[in-house]
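Reviewing the structure listed below.
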Amino acid sequence: MKLVVAGGGTGGHFFPALAILMEARERKVDTFFVGSLRGIERSMEGEIPGEKAFLELYPFRRVSIKERWYALKSYWKSAKEINSRLRGPFASILLGGYVSVPTGITSAVKRQPLFIHEQNSVPSMTNRSFSLIAKKVFITFEHTKRYFRGRHVVKTGLPVRKDILDVKISKENARSLLGFEGSPVVLFMGGSQGAKFLNTLALDFAKKTGANTLLLSGIKDYDRVKKLGDGIENLKIFPFRTDMANIYSATDVAVCRAGAGTLTELSLFGVPAVMIPFPYAAGDHQMWNALEIENLGGGITVPQEEATTESVISAVDRIIKSHGDYSSSVSNFAVKEASSRVL
């Protein structure tokens, strides 16, 4: 039976999909990936195993009525294309977002088994809708259970690529590779797209504390931040890095948004965080993500309107003073075998 995996648009939807596909490849399962022409997945086409399709898809929410009409047309057209490429039985896994809609439609019309993986605490509208016909709903956060009561809900954790999981490097060697000496190392990052607010905060943090500060700025804001950061000797700035296992291994405390992928990867390396949730995330899901980590004792949540340089310095200091406890607690969130639990 072929496995169809649909998810993309952003790294939060795509990277768990890629982890599932890689796990399926190891098990010699025939796979078919469905993504968007406009998403991050197209730029990483070479890393996606198996058959793949990149479709012209558009978001339905938070757009004009005219744009919604285009979105609906794109879903129907794409569903027809997926249908034409699938012969015989298949099972599908949806990872949410508008990119998953055509696959969900095709699965429903052809009455093929459908599964859902919800990455965040508050599920997307796509996943809520298709959960009505799903055989199982896989979740990352405990908070999500309240949205799928009475259904077959299984907590699997978030699938993470083995190129991150399998790297083993000492903290000292990881720091040396980045050009740092001593500790602590504080990592600032805003997810795959970067975050201008966090970038500016990182510059001020580095100036005021003198602490080893590592900033992953994102490509769009890199030139601005690099110019402002010139001359700050304790600050290292990169637009992005592909060696995230080395980054996490070198880090003592992260200051970050609260996307499911970011929090999962940090937890796998025992890195506690000062979490500043993106205030405009759908359903305020980043706040709920962060609060679950905080309730475990693995970090501190600071709403963006309260996130001054001083409040962040204070939160980082609190974590460093009890680093062992925070690190142990955040590690309890990690599920290394999430991909195999889904399959």
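Residue numbering restarts at 1 for every chain of the structure tokens, chains are lettered A, B, ... in their displayed order, and ligands are numbered from 1 as they appear.
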Stretch 122-234 of chain A residues near stretch 281-300 of chain A within 10 Å, closest pair each, using only C-alpha atoms, as JSON lines:
{"residue": "A:Val122", "atom": "CA", "partner": "A:His285", "partner_atom": "CA", "distance": 5.1}
{"residue": "A:Pro123", "atom": "CA", "partner": "A:His285", "partner_atom": "CA", "distance": 8.0}
{"residue": "A:Ser124", "atom": "CA", "partner": "A:Ala282", "partner_atom": "CA", "distance": 7.8}
{"residue": "A:Met125", "atom": "CA", "partner": "A:Ala282", "partner_atom": "CA", "distance": 9.5}
{"residue": "A:Thr140", "atom": "CA", "partner": "A:Asn289", "partner_atom": "CA", "distance": 9.5}
{"residue": "A:Phe141", "atom": "CA", "partner": "A:Asn289", "partner_atom": "CA", "distance": 7.3}
{"residue": "A:Glu142", "atom": "CA", "partner": "A:Glu292", "partner_atom": "CA", "distance": 7.9}
{"residue": "A:His143", "atom": "CA", "partner": "A:Trp288", "partner_atom": "CA", "distance": 7.6}
{"residue": "A:Thr144", "atom": "CA", "partner": "A:Trp288", "partner_atom": "CA", "distance": 9.5}
What are the DSSP strand (DSSP E) residues of stretch 203-308 of chain A, as number ranges by chain?
A: 212-216, 235-238, 253-256, 273-275, 299-301
Writer output for current selection, C-alpha atoms, as a PDB file, in the first residue's frame:
ATOM      1  CA  ASN A 212      28.333  34.296  24.253  1.00  0.00           C
ATOM      2  CA  THR A 213      25.383  34.995  21.982  1.00  0.00           C
ATOM      3  CA  LEU A 214      24.494  33.052  18.854  1.00  0.00           C
ATOM      4  CA  LEU A 215      21.860  34.524  16.527  1.00  0.00           C
ATOM      5  CA  LEU A 216      20.148  32.723  13.656  1.00  0.00           C
ATOM      6  CA  LEU A 235      27.997  37.843  19.104  1.00  0.00           C
ATOM      7  CA  LYS A 236      27.970  35.360  16.198  1.00  0.00           C
ATOM      8  CA  ILE A 237      25.325  35.926  13.504  1.00  0.00           C
ATOM      9  CA  PHE A 238      24.233  33.517  10.785  1.00  0.00           C
ATOM     10  CA  VAL A 253      19.748  28.441  26.900  1.00  0.00           C
ATOM     11  CA  ALA A 254      17.626  29.362  23.889  1.00  0.00           C
ATOM     12  CA  VAL A 255      15.543  32.511  23.438  1.00  0.00           C
ATOM     13  CA  CYS A 256      13.007  31.652  20.791  1.00  0.00           C
ATOM     14  CA  ALA A 273      14.266  28.078  26.679  1.00  0.00           C
ATOM     15  CA  VAL A 274      12.956  31.545  27.280  1.00  0.00           C
ATOM     16  CA  MET A 275       9.943  31.345  25.009  1.00  0.00           C
ATOM     17  CA  GLY A 299      11.455  26.920  30.315  1.00  0.00           C
ATOM     18  CA  ILE A 300      10.001  30.348  30.990  1.00  0.00           C
ATOM     19  CA  THR A 301       7.279  32.016  28.932  1.00  0.00           C
TER      20      THR A 301
END
Atom-to-atom span, atom CA of A:Leu72 and atom CA of A:Gly46, Å
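Result for atom CA of A:Leu72 versus atom CA of A:Gly46: 29.0 Å, one decimal.
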Find the residues around A:Gly231 up to 12 Å (only C-alpha atoms counted), leave out those fewer than 5 positions away in its own chain, and share them as an NGL selection string.
:A and (203 or 206-207 or 225-226 or 236-237)
Please determine, counting only C-alpha atoms, which residue among A:Val29, A:Ala250, A:Asn199, A:Ala245 has the shortest atom-to-atom distance to A:Gly182.
A:Ala250
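Nearest residue to A:Ala315 among A:Pro279, A:Val302, A:Gly229, A:Asn246 is A:Val302, counting only C-alpha atoms.
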Residues within 9 Å of A:Arg161, please, as an NGL selection string. Count only C-alpha atoms; anything in the same chain fewer than 4 positions from it doesn't count.
:A and (15-16 or 18-20 or 22-23 or 165-166 or 339)
To test your reading of the structure, identify every residue in stretch 46-170 of chain A that backbone DSSP assigns to alpha helix (DSSP H), and report it as an MDAnalysis selection string.
chainID A and resid 65:85 101:110 125:130 162:165
Keeping C-alpha atoms, export the residues of the selection given above as a CSV table (one decimal), in the first residue's frame.
chain,number,residue,atom,x,y,z
A,65,ILE,CA,-13.3,36.7,-0.8
A,66,LYS,CA,-11.7,36.7,-4.3
A,67,GLU,CA,-8.6,35.0,-3.0
A,68,ARG,CA,-10.7,32.4,-1.2
A,69,TRP,CA,-12.4,31.6,-4.5
A,70,TYR,CA,-8.9,31.0,-6.0
A,71,ALA,CA,-8.0,28.9,-3.1
A,72,LEU,CA,-11.1,26.6,-3.4
A,73,LYS,CA,-10.4,26.2,-7.2
A,74,SER,CA,-6.8,25.3,-6.4
A,75,TYR,CA,-7.9,22.6,-3.9
A,76,TRP,CA,-10.3,21.0,-6.4
A,77,LYS,CA,-7.9,21.1,-9.3
A,78,SER,CA,-5.1,19.7,-7.1
A,79,ALA,CA,-7.3,16.9,-5.7
A,80,LYS,CA,-8.1,15.9,-9.3
A,81,GLU,CA,-4.4,15.7,-10.1
A,82,ILE,CA,-3.6,13.7,-7.0
A,83,ASN,CA,-6.5,11.3,-7.8
A,84,SER,CA,-5.1,10.8,-11.4
A,85,ARG,CA,-1.7,9.9,-10.0
A,101,VAL,CA,-6.6,19.9,1.8
A,102,PRO,CA,-6.4,18.3,-1.7
A,103,THR,CA,-5.1,15.0,-0.2
A,104,GLY,CA,-7.8,15.0,2.4
A,105,ILE,CA,-10.4,15.5,-0.3
A,106,THR,CA,-9.0,12.7,-2.4
A,107,SER,CA,-8.8,10.3,0.6
A,108,ALA,CA,-12.4,11.0,1.5
A,109,VAL,CA,-13.7,10.6,-2.1
A,110,LYS,CA,-11.9,7.4,-2.6
A,125,MET,CA,-8.8,24.2,10.8
A,126,THR,CA,-7.7,21.6,8.2
A,127,ASN,CA,-6.9,19.0,10.8
A,128,ARG,CA,-10.1,19.7,12.8
A,129,SER,CA,-12.2,19.2,9.7
A,130,PHE,CA,-10.6,16.0,8.4
A,162,LYS,CA,17.5,11.5,11.9
A,163,ASP,CA,20.2,13.9,10.5
A,164,ILE,CA,19.5,15.9,13.7
A,165,LEU,CA,18.8,13.0,16.1
Distance in Å - atom CA of A:Arg175 versus atom CA of A:Thr209
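Between these atoms lies a distance of 18.5 Å.
For the pair atom CA of A:Tyr248 and atom CA of A:Val186, the separation is 10.1 Å.
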Choose the residue, out of A:Arg61, A:Lys2, A:Arg151, A:Arg27, that has the smallest atom-to-atom separation from A:Pro89; count only C-alpha atoms.
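Closest candidate: A:Lys2.
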Compile the contact shell of A:Lys135 as number ranges by chain: residues with an atom at most 7 Å away, counting only C-alpha atoms, same-chain residues fewer than 2 positions apart removed.
A: 113-115, 133, 152
May I have the residues within 7 Å of A:Ser327 as a compact mmCIF listing (two decimals) with C-alpha atoms, in the first residue's frame, using only C-alpha atoms and disregarding those fewer than 5 positions away in the same chain?
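Saved the output as around-v4.txt:
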# COMPACT_ATOMS: atom_id res chain seq x y z
CA GLY A 270 17.95 19.11 26.79
CA VAL A 271 18.09 22.83 26.03
CA PRO A 272 15.72 24.92 28.18
CA GLY A 298 11.51 23.19 30.98
